[in-house]
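Undergrad: Structure: model.txt, compact mmCIF, C-alpha atoms.
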# COMPACT_ATOMS: atom_id res chain seq x y z
CA MET A 1 -2.68 -92.77 42.40
CA SER A 2 0.15 -94.41 44.35
CA GLY A 3 2.76 -92.29 46.10
CA ALA A 4 5.81 -93.86 44.39
CA PHE A 5 4.06 -93.66 41.03
CA ASP A 6 3.42 -89.92 41.52
CA LEU A 7 6.93 -89.31 42.83
CA GLY A 8 8.36 -90.87 39.69
CA ALA A 9 6.19 -88.56 37.59
CA PHE A 10 7.34 -85.53 39.62
CA VAL A 11 10.99 -86.48 39.10
CA LEU A 12 10.34 -87.00 35.38
CA GLY A 13 8.67 -83.59 35.13
CA ALA A 14 11.47 -81.88 37.04
CA ALA A 15 14.12 -83.63 34.93
CA GLY A 16 12.26 -82.51 31.80
CA ALA A 17 12.29 -78.91 33.03
CA LEU A 18 16.05 -79.10 33.67
CA ILE A 19 16.65 -80.54 30.18
CA TRP A 20 14.56 -77.71 28.72
CA LEU A 21 16.54 -75.09 30.66
CA ALA A 22 19.84 -76.54 29.45
CA ALA A 23 18.55 -76.60 25.87
CA VAL A 24 17.34 -72.98 26.14
CA LEU A 25 20.72 -71.77 27.42
CA VAL A 26 22.42 -73.33 24.40
CA VAL A 27 19.85 -72.40 21.72
CA LEU A 28 19.62 -68.76 22.88
CA ARG A 29 23.34 -68.39 22.20
CA VAL A 30 23.41 -70.01 18.77
CA SER A 31 20.07 -69.03 17.25
CA LYS A 32 19.21 -65.64 15.79
CA ARG A 33 15.45 -66.21 16.14
CA SER A 34 13.31 -64.32 18.64
CA PRO A 35 14.34 -65.32 22.22
CA ALA A 36 10.68 -65.30 23.28
CA LEU A 37 9.81 -67.72 20.49
CA ILE A 38 12.76 -69.96 21.39
CA VAL A 39 11.86 -70.33 25.07
CA VAL A 40 8.13 -70.92 24.49
CA LEU A 41 8.43 -73.25 21.51
CA SER A 42 11.25 -75.27 23.08
CA ALA A 43 9.19 -75.71 26.29
CA ALA A 44 6.40 -77.34 24.26
CA ILE A 45 8.81 -79.48 22.19
CA VAL A 46 10.75 -80.75 25.24
CA TYR A 47 7.45 -81.53 27.05
CA LEU A 48 6.24 -83.67 24.15
CA ALA A 49 9.65 -85.33 23.69
CA ILE A 50 9.96 -86.27 27.38
CA LEU A 51 6.35 -87.50 27.49
CA LEU A 52 6.81 -89.69 24.39
CA ALA A 53 10.15 -91.03 25.67
CA ALA A 54 8.58 -91.83 29.06
CA LEU A 55 5.68 -93.64 27.38
CA ALA A 56 8.14 -95.71 25.38
CA ILE A 57 10.19 -96.64 28.48
CA PHE A 58 7.70 -96.99 31.36
CA ASP A 59 4.57 -99.11 31.78
CA ARG A 60 2.54 -96.15 33.00
CA VAL A 61 3.04 -92.38 33.17
CA ALA A 62 0.88 -90.30 35.52
CA PHE A 63 -0.19 -87.37 33.33
CA TRP A 64 -1.19 -84.84 36.00
CA PRO A 65 1.83 -85.06 38.34
CA PHE A 66 4.22 -85.10 35.37
CA SER A 67 2.52 -82.17 33.60
CA ALA A 68 2.08 -80.20 36.84
CA ALA A 69 5.76 -80.53 37.80
CA TYR A 70 7.04 -79.73 34.30
CA GLY A 71 4.54 -76.91 33.74
CA PHE A 72 5.08 -75.28 37.12
CA LEU A 73 8.89 -75.29 36.90
CA THR A 74 9.03 -74.10 33.28
CA LEU A 75 6.45 -71.38 33.94
CA CYS A 76 8.47 -70.10 36.92
CA VAL A 77 11.51 -69.80 34.64
CA LEU A 78 9.41 -68.30 31.82
CA MET A 79 8.09 -65.64 34.21
CA LEU A 80 11.65 -64.69 35.18
CA PHE A 81 12.73 -64.76 31.55
CA GLY A 82 9.84 -62.47 30.57
CA ALA A 83 10.92 -59.97 33.22
CA LEU A 84 14.56 -60.11 32.10
CA TYR A 85 13.69 -59.82 28.44
CA LYS A 86 11.00 -57.15 28.46
CA SER A 87 11.02 -55.23 31.74
CA VAL A 88 11.81 -51.53 31.30
CA SER A 89 12.23 -51.14 35.07
CA LEU A 90 14.84 -53.92 35.30
CA ARG A 91 16.72 -52.51 32.35
CA MET A 92 16.83 -49.13 34.06
CA LEU A 93 18.32 -50.77 37.17
CA GLY A 94 20.82 -52.67 35.01
CA ASP A 95 21.89 -49.56 33.14
CA LEU A 96 22.16 -47.50 36.32
CA SER A 97 24.35 -50.20 37.91
CA LYS A 98 26.81 -49.76 35.01
CA ALA A 99 26.94 -45.95 35.31
CA ALA A 100 29.62 -44.15 37.31
CA GLY A 101 28.43 -43.67 40.89
CA TRP A 102 25.28 -45.69 40.03
CA ALA A 103 23.65 -42.44 38.91
CA LEU A 104 22.32 -40.90 35.68
CA PRO A 105 20.48 -37.66 34.93
CA GLU A 106 16.72 -38.32 34.87
CA GLN A 107 16.32 -36.70 31.45
CA GLU A 108 19.03 -38.93 30.00
CA LEU A 109 17.17 -42.03 31.22
CA LEU A 110 13.98 -40.73 29.63
CA ALA A 111 15.51 -39.77 26.31
CA ARG A 112 18.10 -42.49 25.83
CA TYR A 113 16.50 -45.59 27.26
CA ILE A 114 12.80 -45.06 26.75
CA GLU A 115 11.98 -42.69 23.94
CA GLU A 116 14.82 -43.45 21.52
CA ASP A 117 15.92 -47.02 22.25
CA SER A 118 12.89 -48.91 23.56
CA PHE A 119 10.36 -46.91 21.54
CA GLY A 120 12.25 -47.27 18.26
CA ARG A 121 12.78 -50.99 18.84
CA ARG A 122 9.10 -51.57 19.55
CA VAL A 123 8.04 -49.69 16.44
CA ALA A 124 10.52 -51.83 14.50
CA ILE A 125 8.93 -54.98 15.99
CA LEU A 126 5.44 -53.82 14.90
CA LEU A 127 6.78 -53.25 11.36
CA LYS A 128 8.78 -56.50 11.24
CA GLU A 129 5.89 -58.65 12.48
CA GLY A 130 3.59 -57.05 9.90
CA HIS A 131 1.32 -55.46 12.53
CA ALA A 132 1.98 -51.96 11.19
CA GLU A 133 3.06 -50.46 7.88
CA ARG A 134 4.96 -47.29 7.10
CA THR A 135 3.13 -45.25 4.45
CA LEU A 136 3.71 -41.75 3.08
CA GLU A 137 1.25 -40.42 5.68
CA GLY A 138 3.03 -42.22 8.52
CA LEU A 139 2.60 -45.40 10.56
CA THR A 140 -0.66 -47.24 10.11
CA LEU A 141 -2.01 -50.61 11.23
CA SER A 142 -1.96 -53.46 8.75
CA ARG A 143 -5.07 -55.63 8.41
CA LYS A 144 -3.41 -58.21 10.70
CA GLY A 145 -2.43 -55.52 13.21
CA HIS A 146 -5.94 -54.09 13.14
CA ARG A 147 -7.44 -57.51 13.84
CA ILE A 148 -5.08 -58.13 16.77
CA ALA A 149 -5.56 -54.63 18.19
CA ALA A 150 -9.36 -54.97 17.98
CA ALA A 151 -9.21 -58.33 19.83
CA ILE A 152 -6.92 -56.88 22.53
CA TYR A 153 -9.17 -53.82 22.84
CA ARG A 154 -12.24 -56.04 23.38
CA LEU A 155 -10.32 -58.10 25.95
CA GLN A 156 -9.34 -54.91 27.79
CA GLN A 157 -12.97 -53.80 27.77
CA ALA A 158 -14.04 -57.17 29.22
CA PHE A 159 -11.63 -56.72 32.13
CA ALA A 160 -12.18 -52.95 32.47
CA ILE A 161 -8.53 -52.18 31.68
CA ARG A 162 -8.40 -48.55 30.61
CA ALA A 163 -5.01 -48.51 28.92
CA SER A 164 -1.87 -50.57 28.66
CA GLY A 165 1.75 -49.49 28.99
CA MET B 1 -5.87 -94.44 30.22
CA ILE B 2 -4.62 -93.74 26.69
CA TRP B 3 -1.70 -96.00 25.73
CA HIS B 4 0.27 -95.94 29.02
CA LEU B 5 -0.80 -92.43 29.93
CA ASP B 6 -2.81 -92.29 33.16
CA PHE B 7 -5.23 -89.33 33.20
CA MET B 8 -6.85 -90.33 36.50
CA ALA B 9 -7.61 -87.14 38.44
CA GLY B 10 -8.60 -87.17 42.11
CA ALA B 11 -10.67 -84.55 43.91
CA ALA B 12 -7.60 -82.40 44.60
CA VAL B 13 -6.66 -82.14 40.91
CA VAL B 14 -10.27 -81.45 39.89
CA SER B 15 -10.49 -78.73 42.58
CA ALA B 16 -7.42 -77.00 41.12
CA LEU B 17 -8.75 -77.22 37.56
CA VAL B 18 -12.13 -75.77 38.59
CA ALA B 19 -10.51 -72.99 40.64
CA ALA B 20 -8.25 -72.11 37.70
CA ALA B 21 -11.22 -72.05 35.32
CA LEU B 22 -13.11 -69.69 37.67
CA PHE B 23 -10.30 -67.12 37.80
CA PRO B 24 -11.21 -65.06 34.66
CA ALA B 25 -14.82 -64.72 35.83
CA VAL B 26 -13.75 -63.58 39.31
CA LEU B 27 -11.29 -61.10 37.82
CA ALA B 28 -13.90 -59.72 35.38
CA LEU B 29 -16.29 -59.19 38.30
CA LEU B 30 -13.72 -57.55 40.61
CA SER B 31 -12.42 -55.26 37.87
CA ARG B 32 -15.88 -53.66 37.77
CA LEU B 33 -16.00 -52.81 41.47
CA PRO B 34 -15.73 -49.00 41.85
CA LYS B 35 -13.18 -49.32 44.70
CA LEU B 36 -10.84 -51.38 42.51
CA ARG B 37 -11.25 -49.34 39.31
CA ALA B 38 -7.93 -48.76 37.47
CA ARG B 39 -6.01 -50.65 40.19
CA ASN B 40 -4.91 -53.55 38.03
CA ALA B 41 -2.39 -55.10 40.41
CA LEU B 42 -4.87 -55.04 43.30
CA GLN B 43 -7.60 -56.53 41.10
CA PHE B 44 -5.32 -59.42 40.23
CA LEU B 45 -4.18 -59.93 43.82
CA ALA B 46 -7.76 -59.94 45.16
CA SER B 47 -8.92 -62.34 42.44
CA SER B 48 -6.01 -64.69 43.18
CA ALA B 49 -6.81 -64.60 46.91
CA ILE B 50 -10.48 -65.46 46.28
CA VAL B 51 -9.64 -68.32 43.91
CA VAL B 52 -7.02 -69.75 46.30
CA ALA B 53 -9.54 -69.51 49.16
CA LEU B 54 -12.15 -71.37 47.06
CA TRP B 55 -9.53 -74.02 46.25
CA VAL B 56 -8.67 -74.50 49.94
CA ILE B 57 -12.39 -74.78 50.81
CA ALA B 58 -12.89 -77.35 48.04
CA LEU B 59 -9.91 -79.37 49.31
CA TYR B 60 -11.33 -79.25 52.84
CA PHE B 61 -14.67 -80.69 51.75
CA PHE B 62 -13.69 -83.01 48.89
CA GLY B 63 -9.95 -83.65 49.19
CA LYS B 64 -9.68 -85.27 52.63
CA GLN B 65 -8.68 -88.60 51.07
CA SER B 66 -6.03 -86.99 48.84
CA SER B 67 -2.39 -88.04 49.26
CA ALA B 68 0.44 -85.54 49.73
CA ALA B 69 1.47 -86.12 46.09
CA GLU B 70 -2.06 -85.32 44.88
CA LEU B 71 -2.13 -82.14 46.97
CA ALA B 72 1.27 -81.12 45.55
CA THR B 73 0.01 -81.79 42.02
CA SER B 74 -3.11 -79.75 42.75
CA PHE B 75 -1.03 -76.85 44.10
CA MET B 76 1.27 -76.85 41.08
CA ILE B 77 -1.68 -76.89 38.65
CA LEU B 78 -3.30 -73.88 40.34
CA ALA B 79 0.01 -72.02 40.68
CA SER B 80 0.81 -72.66 37.00
CA ALA B 81 -2.60 -71.36 35.96
CA LEU B 82 -2.14 -68.22 38.07
CA ILE B 83 1.29 -67.61 36.49
CA ILE B 84 -0.24 -67.90 33.00
CA TYR B 85 -3.05 -65.49 33.94
CA LEU B 86 -0.52 -63.11 35.48
CA GLU B 87 1.54 -63.07 32.29
CA ILE B 88 -1.56 -62.36 30.17
CA TRP B 89 -2.81 -59.74 32.63
CA ALA B 90 0.58 -58.02 32.76
CA LEU B 91 0.66 -57.93 28.97
CA LEU B 92 -2.84 -56.45 28.77
CA SER B 93 -2.36 -53.87 31.49
CA ARG B 94 1.37 -53.07 31.18
CA GLY B 95 2.35 -54.13 27.64
CA TYR B 96 4.50 -51.41 26.06
CA THR B 97 4.38 -52.69 22.45
CA LEU B 98 0.70 -53.52 22.86
CA GLY B 99 0.16 -49.94 24.04
CA LEU B 100 1.68 -48.65 20.78
CA LEU B 101 -0.52 -50.99 18.74
CA LEU B 102 -3.63 -49.78 20.58
CA THR B 103 -2.59 -46.14 20.18
CA LEU B 104 -2.53 -46.66 16.40
CA PHE B 105 -5.86 -48.52 16.65
CA ARG B 106 -7.54 -45.73 18.61
CA GLY B 107 -6.00 -43.04 16.39
CA LYS B 108 -7.80 -44.46 13.33
CA GLN B 109 -5.37 -42.63 11.02
CA PRO B 110 -1.69 -42.81 10.05
CA MET B 111 0.71 -41.21 12.55
CA SER B 112 4.32 -40.11 12.41
CA ASP B 113 6.66 -41.58 15.06
CA ALA B 114 6.46 -38.29 16.98
CA GLN B 115 2.64 -38.31 16.87
CA LEU B 116 2.58 -41.94 18.00
CA ALA B 117 4.91 -41.13 20.91
CA ALA B 118 2.80 -38.10 21.88
CA SER B 119 -0.51 -40.01 21.61
CA TYR B 120 0.76 -42.99 23.62
CA ARG B 121 -1.59 -44.13 26.38
CA GLN B 122 -4.45 -41.88 25.34
CA GLY B 123 -2.39 -38.72 25.06
CA GLU B 124 -0.18 -39.15 28.13
CA GLY B 125 2.83 -39.53 25.85
CA MET B 126 5.96 -41.68 26.03
CA GLY B 127 7.17 -39.79 29.09
CA TRP B 128 4.36 -41.49 31.03
CA ILE B 129 5.99 -44.90 30.93
CA MET B 130 9.23 -43.46 32.27
CA ARG B 131 7.45 -41.61 35.09
CA HIS B 132 5.35 -44.70 35.88
CA ARG B 133 8.28 -47.14 35.98
CA LEU B 134 10.52 -44.66 37.80
CA GLY B 135 7.72 -44.03 40.31
CA GLY B 136 7.54 -47.77 40.92
CA LEU B 137 11.29 -48.03 41.48
CA LEU B 138 11.23 -45.01 43.85
CA ALA B 139 8.29 -46.46 45.80
CA ALA B 140 10.08 -49.82 46.08
CA GLY B 141 13.21 -48.06 47.41
CA LEU B 142 15.39 -49.33 44.56
CA VAL B 143 16.37 -45.83 43.37
CA ARG B 144 16.30 -42.35 44.89
CA ARG B 145 16.35 -38.84 43.47
CA GLN B 146 19.41 -36.66 44.06
CA GLY B 147 18.80 -33.30 42.41
CA ASP B 148 18.15 -33.98 38.76
CA ARG B 149 19.84 -37.37 38.95
CA VAL B 150 18.48 -40.82 39.64
CA VAL B 151 20.72 -42.87 41.95
CA LEU B 152 20.57 -46.58 42.74
CA THR B 153 20.17 -47.67 46.35
CA GLY B 154 22.07 -50.73 47.61
CA ALA B 155 19.13 -53.06 46.94
CA GLY B 156 18.62 -51.53 43.48
CA ALA B 157 22.30 -52.00 42.64
CA LEU B 158 22.18 -55.64 43.74
CA ILE B 159 19.14 -56.30 41.53
CA GLY B 160 20.74 -54.40 38.64
CA ILE B 161 23.95 -56.46 38.89
CA VAL B 162 22.01 -59.76 39.17
CA TYR B 163 19.90 -58.67 36.20
CA ARG B 164 22.99 -57.99 34.06
CA ALA B 165 24.52 -61.33 35.08
CA ALA B 166 21.29 -63.16 34.17
CA VAL B 167 21.09 -61.37 30.80
CA ALA B 168 24.71 -62.34 30.09
CA THR B 169 24.07 -65.96 31.17
CA LEU B 170 21.09 -66.21 28.85
CA GLY B 171 23.03 -64.56 26.04
CA LEU B 172 20.30 -61.96 25.45
CA LYS B 173 21.52 -59.19 23.17
CA VAL B 174 18.57 -56.83 23.49
CA THR B 175 16.28 -56.34 26.50
CA GLY B 176 13.72 -53.87 27.87
Would you mind giving the structure from this file in structure tokens?

TA:
Amino acid sequence: MSGAFDLGAFVLGAAGALIWLAAVLVVLRVSKRSPALIVVLSAAIVYLAILLAALAIFDRVAFWPFSAAYGFLTLCVLMLFGALYKSVSLRMLGDLSKAAGWALPEQELLARYIEEDSFGRRVAILLKEGHAERTLEGLTLSRKGHRIAAAIYRLQQAFAIRASG
Amino acid sequence: MIWHLDFMAGAAVVSALVAAALFPAVLALLSRLPKLRARNALQFLASSAIVVALWVIALYFFGKQSSAAELATSFMILASALIIYLEIWALLSRGYTLGLLLTLFRGKQPMSDAQLAASYRQGEGMGWIMRHRLGGLLAAGLVRRQGDRVVLTGAGALIGIVYRAAVATLGLKVTG
């Protein structure tokens, strides 16, 4: 691999990551689909689009430097996005920073932010995604939910993880 | 080469790919050590350190001819793999929604919302997640207790404000 050849691939990968970030910022505002789905799916689509465009324009494209640069930069952003989107701890800090005197009663945090809001929303996600069903007896796993839960349980066993949450 | 796509991988790139492929096996082994039992973050950190050390050793022996660009590519491949593993590991060991799914799975019978909340994390209940996350924030010095209230420290307030700005920038309507 030549240095200039690799450098070009790095720049292409970095430019691709920037294009993806710009696209995500726009699509997140206009689309009503799941934000997690938007960021992951768009990362794959932009990667393929940039790669195909580069192949059409340049004589050669170095796969590894291009993919490494694009993958590394997008994954760094995805990691931050995941924290912003799902972290209970960060949300607590955000909510506390809005409160008068940056303080809230502990019980209010527990009841309002965790048990009612986050819990209810997560149950709604399980129902919406078809992982659980609401029956007369209460919440129960659907066949799909059971299959996923069994796979996750086996994975946890393989890595000796006792419980998640 | 397929079309104009150059897949040529030097020793540095191969070293990163092998190190990344070894990670799950190293993590599975470490997670069974009695001293690391139930310490998920430490298990991941130790596994990462071992894999990075193996990668450096491989580069020392096989990557002497590698250019700076190849070494940078190698680093980014390994770092990307570790980020992917971290995301999966965090989901498995800290996933809130996944925890609810597994509570229903372990329960083996329909549950009301109240029963699900009480059975969460093998009977520790929904309050556990609050205590756990709050404990983490207290230990990190981002919040402090003042009587029955939780108060942000300066660092916590800065992170909270940056967090809200980032959520607004991304246009996220619902988080946490």

Undergrad: Hey, list the chain B side of the contact with chain A: 6 Å cut-off, only C-alpha atoms, answer as an MDAnalysis selection string.

TA: chainID B and resid 4:7 28 31 73 76:77 80 92:97 99 102 110:112 133 148:152 157 160 164 170:171 175:176

Undergrad: Atom CA of Gly13 of chain A to atom CA of Gly63 of chain B: how many Å, to one decimal?

TA: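 Between atom CA of Gly13 of chain A and atom CA of Gly63 of chain B the gap works out to 23.3 Å.
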
Undergrad: Taking every listed atom of segment 102-116 of chain B and adding 8 Å to each side, what centre and edge lengths in Å (one decimal) does the axis-aligned box have, as AutoDock Vina command-line options?

TA:
--center_x -0.6 --center_y -44.0 --center_z 15.3 --size_x 30.5 --size_y 27.5 --size_z 26.5

Undergrad: Between atom CA of Arg33 of chain A and atom CA of Ala168 of chain B, what is the spacing in Å?

TA: 17.2 Å

Undergrad: Please indicate the distance in Å from atom CA of Pro24 of chain B to atom CA of Ala9 of chain B, rounded to one decimal place.

TA: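 Result for atom CA of Pro24 of chain B versus atom CA of Ala9 of chain B: 22.7 Å, one decimal.
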